[in-house]
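Participant: Provided herewith: query.cif, mmCIF, C-alpha atoms and all ligand atoms.
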data_my_file
#
loop_
_atom_site.group_PDB
_atom_site.id
_atom_site.type_symbol
_atom_site.label_atom_id
_atom_site.label_comp_id
_atom_site.auth_asym_id
_atom_site.auth_seq_id
_atom_site.Cartn_x
_atom_site.Cartn_y
_atom_site.Cartn_z
ATOM 1 C CA MET M 18 -36.476 -14.894 14.376
ATOM 2 C CA VAL M 19 -38.113 -11.997 12.518
ATOM 3 C CA ASN M 20 -37.691 -8.817 14.573
ATOM 4 C CA SER M 21 -36.079 -10.658 17.490
ATOM 5 C CA ARG M 22 -32.922 -8.706 16.740
ATOM 6 C CA PRO M 23 -32.006 -5.419 15.041
ATOM 7 C CA ARG M 24 -31.238 -5.323 11.323
ATOM 8 C CA VAL M 25 -27.444 -5.452 10.920
ATOM 9 C CA ILE M 26 -25.723 -3.738 7.987
ATOM 10 C CA LEU M 27 -22.008 -4.411 7.595
ATOM 11 C CA SER M 28 -20.279 -1.349 6.170
ATOM 12 C CA ALA M 29 -16.639 -1.052 5.112
ATOM 13 C CA ALA M 30 -14.187 0.416 2.653
ATOM 14 C CA VAL M 31 -11.817 -2.134 1.151
ATOM 15 C CA SER M 32 -8.878 -1.991 -1.218
ATOM 16 C CA LEU M 33 -9.285 -3.756 -4.556
ATOM 17 C CA ASP M 34 -7.557 -6.761 -2.974
ATOM 18 C CA GLY M 35 -9.988 -6.901 -0.050
ATOM 19 C CA LYS M 36 -7.896 -5.263 2.690
ATOM 20 C CA ILE M 37 -9.433 -2.913 5.252
ATOM 21 C CA ALA M 38 -6.056 -1.630 6.487
ATOM 22 C CA THR M 39 -2.385 -1.902 5.565
ATOM 23 C CA LYS M 40 0.086 -4.042 7.516
ATOM 24 C CA ASN M 41 0.891 -0.864 9.508
ATOM 25 C CA LYS M 42 -2.853 -0.444 10.285
ATOM 26 C CA ASP M 43 -3.400 2.522 8.009
ATOM 27 C CA SER M 44 -7.104 2.321 7.116
ATOM 28 C CA ALA M 45 -7.563 5.701 5.392
ATOM 29 C CA LEU M 46 -9.196 4.188 2.314
ATOM 30 C CA SER M 47 -12.345 6.328 2.089
ATOM 31 C CA SER M 48 -12.594 9.216 -0.354
ATOM 32 C CA GLY M 49 -14.356 12.479 0.546
ATOM 33 C CA LYS M 50 -17.340 11.413 -1.538
ATOM 34 C CA ASP M 51 -17.560 8.062 0.191
ATOM 35 C CA LYS M 52 -17.415 9.733 3.618
ATOM 36 C CA ILE M 53 -20.483 11.786 2.691
ATOM 37 C CA ARG M 54 -22.257 8.590 1.550
ATOM 38 C CA PHE M 55 -21.527 6.544 4.661
ATOM 39 C CA HIS M 56 -22.163 9.415 7.053
ATOM 40 C CA ARG M 57 -25.636 9.714 5.462
ATOM 41 C CA LEU M 58 -26.028 6.011 6.132
ATOM 42 C CA ARG M 59 -24.910 6.489 9.767
ATOM 43 C CA ALA M 60 -27.620 9.125 10.198
ATOM 44 C CA LYS M 61 -30.274 6.578 9.157
ATOM 45 C CA VAL M 62 -29.445 3.837 11.672
ATOM 46 C CA ASP M 63 -30.121 3.603 15.384
ATOM 47 C CA ALA M 64 -26.578 2.506 16.313
ATOM 48 C CA ILE M 65 -23.022 1.964 15.067
ATOM 49 C CA LEU M 66 -21.119 -1.010 16.430
ATOM 50 C CA VAL M 67 -17.335 -1.599 16.376
ATOM 51 C CA GLY M 68 -14.774 -3.805 18.110
ATOM 52 C CA ILE M 69 -12.322 -2.510 20.712
ATOM 53 C CA ASN M 70 -9.311 -2.959 18.411
ATOM 54 C CA THR M 71 -10.789 -0.506 15.923
ATOM 55 C CA VAL M 72 -11.166 2.007 18.759
ATOM 56 C CA LYS M 73 -7.594 1.370 19.908
ATOM 57 C CA ILE M 74 -6.067 1.630 16.448
ATOM 58 C CA ASP M 75 -8.206 4.286 14.701
ATOM 59 C CA ASP M 76 -9.533 6.252 17.678
ATOM 60 C CA PRO M 77 -12.761 7.021 15.750
ATOM 61 C CA LEU M 78 -15.551 9.396 16.768
ATOM 62 C CA LEU M 79 -18.266 7.379 15.014
ATOM 63 C CA THR M 80 -20.459 10.441 14.524
ATOM 64 C CA VAL M 81 -22.259 12.046 11.573
ATOM 65 C CA ARG M 82 -19.992 14.861 10.403
ATOM 66 C CA HIS M 83 -19.851 14.768 6.592
ATOM 67 C CA ALA M 84 -23.632 14.849 6.256
ATOM 68 C CA ARG M 85 -26.597 16.245 8.127
ATOM 69 C CA GLY M 86 -28.448 14.101 10.613
ATOM 70 C CA LYS M 87 -28.521 12.698 14.080
ATOM 71 C CA ASN M 88 -25.652 10.790 15.638
ATOM 72 C CA PRO M 89 -26.509 7.135 16.181
ATOM 73 C CA ILE M 90 -25.782 5.441 19.496
ATOM 74 C CA ARG M 91 -22.176 4.176 19.565
ATOM 75 C CA ILE M 92 -21.673 0.600 20.720
ATOM 76 C CA ILE M 93 -18.190 -0.743 21.497
ATOM 77 C CA LEU M 94 -17.587 -4.468 22.071
ATOM 78 C CA ASP M 95 -14.880 -4.544 24.719
ATOM 79 C CA SER M 96 -14.926 -7.795 26.774
ATOM 80 C CA SER M 97 -12.455 -6.587 29.410
ATOM 81 C CA GLY M 98 -13.609 -2.960 29.564
ATOM 82 C CA ARG M 99 -10.145 -1.768 28.569
ATOM 83 C CA ILE M 100 -11.183 1.225 26.428
ATOM 84 C CA SER M 101 -8.854 4.159 27.085
ATOM 85 C CA PRO M 102 -10.254 7.198 28.928
ATOM 86 C CA LYS M 103 -8.225 9.209 26.409
ATOM 87 C CA SER M 104 -10.136 7.749 23.451
ATOM 88 C CA LYS M 105 -12.398 10.116 21.514
ATOM 89 C CA ILE M 106 -15.320 7.796 22.309
ATOM 90 C CA ILE M 107 -14.910 8.252 26.077
ATOM 91 C CA LYS M 108 -14.052 11.937 25.783
ATOM 92 C CA THR M 109 -17.308 12.627 23.930
ATOM 93 C CA CYS M 110 -19.658 10.232 25.720
ATOM 94 C CA HIS M 111 -21.259 13.074 27.674
ATOM 95 C CA ALA M 112 -22.629 14.389 24.356
ATOM 96 C CA ILE M 113 -23.144 11.263 22.243
ATOM 97 C CA PRO M 114 -24.994 8.231 23.589
ATOM 98 C CA THR M 115 -22.460 5.437 24.073
ATOM 99 C CA ILE M 116 -22.747 1.813 25.130
ATOM 100 C CA ILE M 117 -19.731 -0.243 26.182
ATOM 101 C CA VAL M 118 -20.417 -3.964 26.076
ATOM 102 C CA VAL M 119 -18.258 -6.119 28.351
ATOM 103 C CA SER M 120 -18.304 -9.779 29.330
ATOM 104 C CA LYS M 121 -18.444 -11.199 32.871
ATOM 105 C CA LYS M 122 -14.643 -11.467 32.836
ATOM 106 C CA ALA M 123 -14.215 -7.659 32.880
ATOM 107 C CA PRO M 124 -12.222 -6.764 36.032
ATOM 108 C CA MET M 125 -14.101 -4.751 38.675
ATOM 109 C CA LYS M 126 -11.525 -1.969 38.488
ATOM 110 C CA ASN M 127 -12.239 -1.495 34.775
ATOM 111 C CA LEU M 128 -15.988 -1.446 35.413
ATOM 112 C CA ALA M 129 -15.500 1.100 38.205
ATOM 113 C CA ARG M 130 -13.388 3.260 35.878
ATOM 114 C CA LEU M 131 -16.028 3.067 33.143
ATOM 115 C CA GLY M 132 -18.765 3.800 35.689
ATOM 116 C CA LYS M 133 -17.340 7.290 36.195
ATOM 117 C CA HIS M 134 -18.403 8.258 32.682
ATOM 118 C CA PRO M 135 -21.927 9.025 31.456
ATOM 119 C CA LEU M 136 -22.249 5.888 29.354
ATOM 120 C CA LYS M 137 -24.255 2.689 29.474
ATOM 121 C CA ILE M 138 -22.550 -0.616 30.286
ATOM 122 C CA ILE M 139 -24.056 -3.901 29.108
ATOM 123 C CA ILE M 140 -22.658 -7.174 30.435
ATOM 124 C CA SER M 141 -23.128 -10.118 28.061
ATOM 125 C CA GLY M 142 -21.385 -13.506 27.894
ATOM 126 C CA GLN M 143 -18.816 -15.211 30.118
ATOM 127 C CA ASN M 144 -15.386 -14.684 28.561
ATOM 128 C CA LYS M 145 -16.461 -13.520 25.164
ATOM 129 C CA ILE M 146 -19.383 -11.226 24.448
ATOM 130 C CA ASN M 147 -22.416 -13.240 23.380
ATOM 131 C CA THR M 148 -23.322 -11.287 20.249
ATOM 132 C CA ARG M 149 -26.600 -13.134 19.611
ATOM 133 C CA LYS M 150 -27.869 -12.329 23.108
ATOM 134 C CA LEU M 151 -26.513 -8.799 22.863
ATOM 135 C CA LEU M 152 -28.596 -8.134 19.761
ATOM 136 C CA GLN M 153 -31.717 -9.312 21.608
ATOM 137 C CA ILE M 154 -30.904 -6.933 24.490
ATOM 138 C CA LEU M 155 -30.389 -4.053 22.055
ATOM 139 C CA GLN M 156 -33.665 -4.853 20.282
ATOM 140 C CA LYS M 157 -35.464 -4.565 23.639
ATOM 141 C CA GLN M 158 -33.847 -1.137 24.056
ATOM 142 C CA ASN M 159 -35.523 -0.068 20.820
ATOM 143 C CA ILE M 160 -32.362 -0.317 18.707
ATOM 144 C CA LYS M 161 -33.765 -1.643 15.446
ATOM 145 C CA SER M 162 -30.909 -1.039 13.024
ATOM 146 C CA ILE M 163 -27.155 -1.330 13.498
ATOM 147 C CA LEU M 164 -24.286 -0.366 11.232
ATOM 148 C CA LEU M 165 -21.471 -2.827 11.859
ATOM 149 C CA GLU M 166 -18.254 -0.933 11.070
ATOM 150 C CA GLY M 167 -15.684 -3.641 11.796
ATOM 151 C CA GLY M 168 -12.952 -4.528 12.111
ATOM 152 C CA GLY M 169 -12.253 -7.840 10.448
ATOM 153 C CA THR M 170 -12.528 -9.877 13.666
ATOM 154 C CA LEU M 171 -15.956 -8.551 14.540
ATOM 155 C CA ASN M 172 -17.104 -8.847 10.927
ATOM 156 C CA TRP M 173 -16.329 -12.594 11.051
ATOM 157 C CA GLU M 174 -18.098 -12.960 14.399
ATOM 158 C CA PHE M 175 -21.305 -11.504 12.970
ATOM 159 C CA ILE M 176 -21.034 -13.098 9.508
ATOM 160 C CA HIS M 177 -20.398 -16.674 10.643
ATOM 161 C CA LYS M 178 -23.178 -16.502 13.212
ATOM 162 C CA GLY M 179 -25.621 -15.381 10.523
ATOM 163 C CA LEU M 180 -26.206 -12.021 12.220
ATOM 164 C CA VAL M 181 -25.648 -9.797 9.161
ATOM 165 C CA ASP M 182 -28.530 -8.816 6.857
ATOM 166 C CA GLU M 183 -26.836 -6.468 4.394
ATOM 167 C CA LEU M 184 -23.294 -5.618 3.284
ATOM 168 C CA ILE M 185 -22.366 -2.239 1.830
ATOM 169 C CA VAL M 186 -18.756 -2.301 0.698
ATOM 170 C CA THR M 187 -16.863 0.418 -1.133
ATOM 171 C CA ILE M 188 -14.152 -0.933 -3.411
ATOM 172 C CA THR M 189 -11.490 1.750 -3.324
ATOM 173 C CA PRO M 190 -8.817 2.217 -6.010
ATOM 174 C CA TYR M 191 -5.875 0.876 -4.023
ATOM 175 C CA VAL M 192 -3.940 -2.366 -4.067
ATOM 176 C CA VAL M 193 -2.508 -2.849 -0.589
ATOM 177 C CA GLY M 194 -1.154 -6.401 -0.477
ATOM 178 C CA GLY M 195 0.574 -8.059 2.453
ATOM 179 C CA LYS M 196 -0.323 -11.271 4.255
ATOM 180 C CA ASP M 197 -0.476 -9.332 7.537
ATOM 181 C CA ALA M 198 -2.789 -6.640 6.202
ATOM 182 C CA MET M 199 -6.297 -7.117 7.593
ATOM 183 C CA THR M 200 -9.033 -8.262 5.235
ATOM 184 C CA LEU M 201 -12.747 -7.452 5.359
ATOM 185 C CA VAL M 202 -13.490 -10.665 7.227
ATOM 186 C CA GLU M 203 -10.887 -12.366 9.424
ATOM 187 C CA GLY M 204 -11.444 -15.235 11.909
ATOM 188 C CA ASN M 205 -11.257 -18.909 10.893
ATOM 189 C CA GLY M 206 -13.158 -18.486 7.666
ATOM 190 C CA PHE M 207 -15.518 -20.993 6.059
ATOM 191 C CA SER M 208 -13.978 -24.237 4.820
ATOM 192 C CA THR M 209 -16.006 -24.528 1.631
ATOM 193 C CA ILE M 210 -17.707 -22.116 -0.742
ATOM 194 C CA ALA M 211 -20.902 -24.131 -0.269
ATOM 195 C CA ASN M 212 -20.833 -23.294 3.443
ATOM 196 C CA SER M 213 -19.898 -19.655 2.996
ATOM 197 C CA THR M 214 -22.303 -16.727 3.133
ATOM 198 C CA LYS M 215 -24.325 -16.328 -0.043
ATOM 199 C CA LEU M 216 -25.176 -12.822 -1.131
ATOM 200 C CA LYS M 217 -27.629 -11.214 -3.493
ATOM 201 C CA LEU M 218 -26.381 -8.128 -5.300
ATOM 202 C CA GLN M 219 -28.946 -5.384 -4.734
ATOM 203 C CA ASN M 220 -27.270 -2.276 -6.106
ATOM 204 C CA ILE M 221 -24.046 -0.873 -7.584
ATOM 205 C CA ILE M 222 -23.034 2.781 -7.458
ATOM 206 C CA ARG M 223 -20.090 4.121 -9.407
ATOM 207 C CA GLN M 224 -18.517 6.948 -7.433
ATOM 208 C CA GLN M 225 -15.737 8.553 -9.475
ATOM 209 C CA ASN M 226 -12.830 6.136 -9.018
ATOM 210 C CA GLU M 227 -14.575 3.660 -6.727
ATOM 211 C CA ILE M 228 -17.660 1.462 -6.625
ATOM 212 C CA VAL M 229 -20.121 0.843 -3.844
ATOM 213 C CA LEU M 230 -21.591 -2.648 -3.744
ATOM 214 C CA HIS M 231 -24.785 -3.271 -1.817
ATOM 215 C CA TYR M 232 -25.581 -6.908 -1.072
ATOM 216 C CA TYR M 233 -28.427 -8.567 0.818
ATOM 217 C CA ILE M 234 -27.964 -11.901 2.551
HETATM 218 N N1 LIG M 301 -11.572 -0.007 6.181
HETATM 219 C C1 LIG M 301 -12.567 -0.065 7.029
HETATM 220 O O1 LIG M 301 -13.746 0.152 6.643
HETATM 221 C C2 LIG M 301 -12.321 -0.415 8.476
HETATM 222 C C3 LIG M 301 -13.389 -0.348 9.371
HETATM 223 C C4 LIG M 301 -13.154 -0.709 10.690
HETATM 224 C C5 LIG M 301 -11.904 -1.138 11.104
HETATM 225 N N2 LIG M 301 -10.888 -1.197 10.210
HETATM 226 C C6 LIG M 301 -9.552 -1.668 10.628
HETATM 227 O O2 LIG M 301 -9.690 -2.928 11.264
HETATM 228 C C7 LIG M 301 -8.613 -3.092 12.187
HETATM 229 C C8 LIG M 301 -9.138 -3.620 13.510
HETATM 230 O O3 LIG M 301 -9.771 -4.851 13.289
HETATM 231 P P1 LIG M 301 -9.598 -6.075 14.313
HETATM 232 O O4 LIG M 301 -10.145 -7.263 13.634
HETATM 233 O O5 LIG M 301 -8.198 -6.106 14.816
HETATM 234 O O6 LIG M 301 -10.460 -5.645 15.555
HETATM 235 P P2 LIG M 301 -12.000 -5.369 15.838
HETATM 236 O O7 LIG M 301 -12.863 -6.274 15.038
HETATM 237 O O8 LIG M 301 -12.217 -3.902 15.763
HETATM 238 O O9 LIG M 301 -12.088 -5.759 17.372
HETATM 239 C C9 LIG M 301 -11.896 -7.106 17.731
HETATM 240 C C10 LIG M 301 -11.990 -7.211 19.211
HETATM 241 O O10 LIG M 301 -13.337 -7.034 19.648
HETATM 242 C C11 LIG M 301 -13.478 -7.679 20.878
HETATM 243 N N3 LIG M 301 -14.670 -8.503 20.913
HETATM 244 C C12 LIG M 301 -15.589 -8.444 21.907
HETATM 245 N N4 LIG M 301 -16.511 -9.362 21.730
HETATM 246 C C13 LIG M 301 -16.207 -10.040 20.612
HETATM 247 C C14 LIG M 301 -16.811 -11.127 19.960
HETATM 248 N N5 LIG M 301 -17.917 -11.696 20.393
HETATM 249 N N6 LIG M 301 -16.236 -11.590 18.825
HETATM 250 C C15 LIG M 301 -15.114 -11.018 18.351
HETATM 251 N N7 LIG M 301 -14.478 -9.980 18.945
HETATM 252 C C16 LIG M 301 -15.031 -9.495 20.087
HETATM 253 C C17 LIG M 301 -12.256 -8.562 21.082
HETATM 254 O O11 LIG M 301 -11.396 -7.922 22.018
HETATM 255 P P3 LIG M 301 -11.645 -8.222 23.575
HETATM 256 O O12 LIG M 301 -11.532 -9.694 23.741
HETATM 257 O O13 LIG M 301 -10.617 -7.436 24.288
HETATM 258 O O14 LIG M 301 -13.029 -7.732 23.863
HETATM 259 C C18 LIG M 301 -11.607 -8.558 19.707
HETATM 260 O O15 LIG M 301 -10.216 -8.739 19.759
HETATM 261 C C19 LIG M 301 -7.953 -1.745 12.328
HETATM 262 O O16 LIG M 301 -6.728 -1.725 11.638
HETATM 263 C C20 LIG M 301 -8.933 -0.789 11.682
HETATM 264 O O17 LIG M 301 -8.278 0.309 11.091
HETATM 265 C C21 LIG M 301 -11.069 -0.829 8.902
#
For the structure just supplied, provide its representation as C-alpha cells.
Ligand SMILES: NC(=O)c1ccc[n+]([C@@H]2O[C@H](COP(=O)([O-])OP(=O)(O)OC[C@H]3O[C@@H](n4cnc5c(N)ncnc54)[C@H](OP(=O)(O)O)[C@@H]3O)[C@@H](O)[C@H]2O)c1

Facilitator:
Amino acid sequence: MVNSRPRVILSAAVSLDGKIATKNKDSALSSGKDKIRFHRLRAKVDAILVGINTVKIDDPLLTVRHARGKNPIRIILDSSGRISPKSKIIKTCHAIPTIIVVSKKAPMKNLARLGKHPLKIIISGQNKINTRKLLQILQKQNIKSILLEGGGTLNWEFIHKGLVDELIVTITPYVVGGKDAMTLVEGNGFSTIANSTKLKLQNIIRQQNEIVLHYYI
C-alpha cells in the first residue's frame, strides 16, 4: 500500500457548525489570511482535486494567487464530462495543466467536446469514477501529493474508502445552520463512532479570529 497512491490531504474551510457552504451555496468562508495559508499549501502539492459540483457552483480557478509558487495540476472528477466550456477551469487549461476524469458512461459527444481543449482526459470506472484506481493512475504519472478541496460528496468518497492521509480544516467564525447547508463530509456517513475515521491532532494554528486544525489519519 505504501507509495501505491499519492498522499491525499483534505483541505477545507468550515463554519463553526461544520458547514462548507450555506443553503444558497455561498461558500465564501475563508479570510484573507487563510487564503494566503492555503495558497501556500497549494504551491507545495503536485495536484488539486475537486468534484464537478464544486466547479459548477463556485467556478474556481484552483491556482496559486495569494502566495508565490507554482500552480499544481488541476484534477476535476466529472463522470459524464459535463464541465462547461465557459468555466474558468476550461478557459485557462491552455496555461494550467488540467486533468478531467470521466467514467466509461461519459457520452462520446462530451468527450469530443473536451478533446478540443488542451487538457488530459482520464477514463476510470464504469458509471462512477473508481477513485482507488484513479489514484494509482495518478501515482504512475508522478503525482505524489494531492490536495482534496471538496466538496462534501467527494470528501465522503475519499474518507470512507480510506484514501485520505491528512485533514487541514480552518474553523471560521461563522454559524451558518440549515439542514440543507452542506457539511464537510456528506454521503451516507458512518453508522457508529467506532467505525468512523479516527484522527490524530498534529497541529493547531490560531489565525486572528479562526483556527486551523491539522490532523493525521
Ligand atoms: N468551504 C470549502 O472549503 C468548500 C470547498 C469545496 C467545495 N465547497 C462547496 O461544496 C459544494 C459542492 O459540493 P458537492 O458535494 O455538491 O459536490 P462535489 O463533491 O464538488 O462534487 C460531487 C460530484 O463529483 C462527481 N463525482 C465523480 N466521481 C465521483 C466519485 N467517485 N464519488 C463521488 N462523486 C464523484 C459526481 O458528479 P458526476 O456523477 O456528474 O460525476 C458528484 O455529484 C459547493 O457548494 C461548494 O461551494 C466548499

Participant: To one decimal place in Å, what is the distance between CA of Thr80 (chain M) and CA of Gly49 (chain M)?

Facilitator: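 Taking CA of Thr80 (chain M) and CA of Gly49 (chain M), their separation equals 15.4 Å.
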
Participant: For the PyMOL selection byres (((not hetatm)) within 6 of (chain M and resi 301)), applied here, can you spell out every residue it catches as a PyMOL selection string?

Facilitator: chain M and resi 29-31+37-38+42+44+67-71+74-75+94-97+145-148+166-171+174

Participant: May I have the residues within 9 Å of Gly35 (chain M) as a PyMOL selection string, using only C-alpha atoms and disregarding those fewer than 5 positions away in the same chain?

Facilitator: chain M and resi 30+188+192-194+199-202

Participant: Go ahead and dump the residues you just picked, C-alpha atoms, as a CSV table (one decimal), in the frame of the given file.

Facilitator:
chain,number,residue,atom,x,y,z
M,30,ALA,CA,-14.2,0.4,2.7
M,188,ILE,CA,-14.2,-0.9,-3.4
M,192,VAL,CA,-3.9,-2.4,-4.1
M,193,VAL,CA,-2.5,-2.8,-0.6
M,194,GLY,CA,-1.2,-6.4,-0.5
M,199,MET,CA,-6.3,-7.1,7.6
M,200,THR,CA,-9.0,-8.3,5.2
M,201,LEU,CA,-12.7,-7.5,5.4
M,202,VAL,CA,-13.5,-10.7,7.2

Participant: Spell out the residues picked by the PyMOL selection byres (((chain M and resi 232) around 12) and not hetatm) here, as a list in words.

Facilitator: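 Those residues are Ile26, Leu27, Ser28, Val181, Asp182, Glu183, Leu184, Ile185, Val186, Thr187, Thr214, Lys215, Leu216, Lys217, Leu218, Gln219, Asn220, Ile221, Ile222, Val229, Leu230, His231, Tyr233 and Ile234 of chain M.
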
Participant: Determine the residue membership of the PyMOL selection byres (((chain M and resi 102) around 12) and not hetatm) for the file above and supply it as a list of chain:residue names.

Facilitator: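 Selection result, ordered by chain and number: M:Val72, M:Lys73, M:Asp76, M:Gly98, M:Arg99, M:Ile100, M:Ser101, M:Lys103, M:Ser104, M:Lys105, M:Ile106, M:Ile107, M:Lys108, M:Thr109, M:Cys110, M:Asn127, M:Arg130, M:Leu131, M:Gly132, M:Lys133, M:His134.
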
Participant: Compare M:Phe207, M:Val81, M:Ile228, M:Lys52 by their minimum atom-to-atom distance to Trp173 (chain M), counting only C-alpha atoms, and give me the closest one.

Facilitator: M:Phe207

Participant: At a cut-off of 9 Å, using only C-alpha atoms, what residues contact Lys150 (chain M)? Leave out same-chain residues fewer than 5 positions from it and give the result as a tab-separated table (two decimals) with C-alpha atoms, in the coordinates of the input.

Facilitator:
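Okay, part_2.tsv is ready:
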chain	number	residue	atom	x	y	z
M	22	ARG	CA	-32.92	-8.71	16.74
M	141	SER	CA	-23.13	-10.12	28.06
M	142	GLY	CA	-21.38	-13.51	27.89
M	155	LEU	CA	-30.39	-4.05	22.06

Participant: Just the number, please: distance in Å from CA of Asp34 (chain M) to CA of Ile92 (chain M), one decimal.

Facilitator: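 Separating CA of Asp34 (chain M) from CA of Ile92 (chain M) is a distance of 28.5 Å.
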
Participant: Work out how far apart CA of Leu46 (chain M) and CA of Pro190 (chain M) are and give it in Å to one decimal.

Facilitator: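 For CA of Leu46 (chain M) relative to CA of Pro190 (chain M), the distance reads 8.6 Å.
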
Participant: Choose the residue, out of M:Ile210, M:Ile160, M:Tyr191, M:Ile53, that has the smallest atom-to-atom separation from Asn226 (chain M); count all atoms listed in the file.

Facilitator: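 The answer is M:Tyr191, which sits nearest to Asn226 (chain M).
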
Participant: Which residue, M:Ile140, M:Ile163, M:Leu128, M:Ala60, has the smallest gap to Gly86 (chain M) when you use only C-alpha atoms?

Facilitator: M:Ala60

Participant: Any chance you could build region 213-220 of chain M out to all heavy atoms and write it as a short mmCIF file (atom, residue, chain, number, x, y, z; two decimals), keeping the file's coordinate frame?

Facilitator:
data_model
loop_
_atom_site.label_atom_id
_atom_site.label_comp_id
_atom_site.auth_asym_id
_atom_site.auth_seq_id
_atom_site.Cartn_x
_atom_site.Cartn_y
_atom_site.Cartn_z
N SER M 213 -20.14 -21.09 2.75
CA SER M 213 -19.90 -19.66 3.00
C SER M 213 -21.20 -18.86 2.85
O SER M 213 -22.23 -19.39 2.46
CB SER M 213 -18.83 -19.14 2.03
OG SER M 213 -19.34 -19.13 0.73
N THR M 214 -21.11 -17.58 3.17
CA THR M 214 -22.30 -16.73 3.13
C THR M 214 -22.66 -16.38 1.69
O THR M 214 -21.80 -15.89 0.95
CB THR M 214 -22.00 -15.43 3.92
OG1 THR M 214 -21.55 -15.80 5.20
CG2 THR M 214 -23.22 -14.55 4.04
N LYS M 215 -23.90 -16.64 1.34
CA LYS M 215 -24.32 -16.33 -0.04
C LYS M 215 -25.02 -14.98 -0.07
O LYS M 215 -25.84 -14.68 0.79
CB LYS M 215 -25.25 -17.42 -0.57
CG LYS M 215 -24.46 -18.64 -0.99
CD LYS M 215 -25.33 -19.83 -1.24
CE LYS M 215 -24.55 -21.10 -1.01
NZ LYS M 215 -24.18 -21.31 0.40
N LEU M 216 -24.68 -14.20 -1.07
CA LEU M 216 -25.18 -12.82 -1.13
C LEU M 216 -25.97 -12.58 -2.40
O LEU M 216 -25.75 -13.23 -3.42
CB LEU M 216 -23.98 -11.85 -1.11
CG LEU M 216 -22.93 -12.05 -0.03
CD1 LEU M 216 -21.70 -11.21 -0.32
CD2 LEU M 216 -23.49 -11.70 1.32
N LYS M 217 -26.87 -11.61 -2.31
CA LYS M 217 -27.63 -11.21 -3.49
C LYS M 217 -27.29 -9.75 -3.77
O LYS M 217 -27.49 -8.90 -2.90
CB LYS M 217 -29.13 -11.36 -3.21
CG LYS M 217 -30.00 -11.23 -4.41
CD LYS M 217 -31.43 -11.65 -4.06
CE LYS M 217 -32.32 -11.75 -5.27
NZ LYS M 217 -32.41 -10.58 -6.10
N LEU M 218 -26.77 -9.50 -4.97
CA LEU M 218 -26.38 -8.13 -5.30
C LEU M 218 -27.63 -7.27 -5.51
O LEU M 218 -28.45 -7.57 -6.37
CB LEU M 218 -25.49 -8.12 -6.55
CG LEU M 218 -24.91 -6.77 -6.95
CD1 LEU M 218 -24.06 -6.17 -5.85
CD2 LEU M 218 -24.07 -6.92 -8.23
N GLN M 219 -27.75 -6.22 -4.71
CA GLN M 219 -28.95 -5.38 -4.73
C GLN M 219 -28.72 -4.12 -5.56
O GLN M 219 -29.58 -3.68 -6.28
CB GLN M 219 -29.30 -5.00 -3.27
CG GLN M 219 -30.67 -4.43 -3.08
CD GLN M 219 -31.75 -5.47 -3.33
OE1 GLN M 219 -31.47 -6.67 -3.34
NE2 GLN M 219 -32.96 -5.02 -3.59
N ASN M 220 -27.51 -3.57 -5.44
CA ASN M 220 -27.27 -2.28 -6.11
C ASN M 220 -25.77 -2.04 -6.30
O ASN M 220 -24.95 -2.52 -5.51
CB ASN M 220 -27.87 -1.14 -5.24
CG ASN M 220 -27.97 0.15 -6.00
OD1 ASN M 220 -28.08 0.16 -7.23
ND2 ASN M 220 -27.89 1.26 -5.29
#
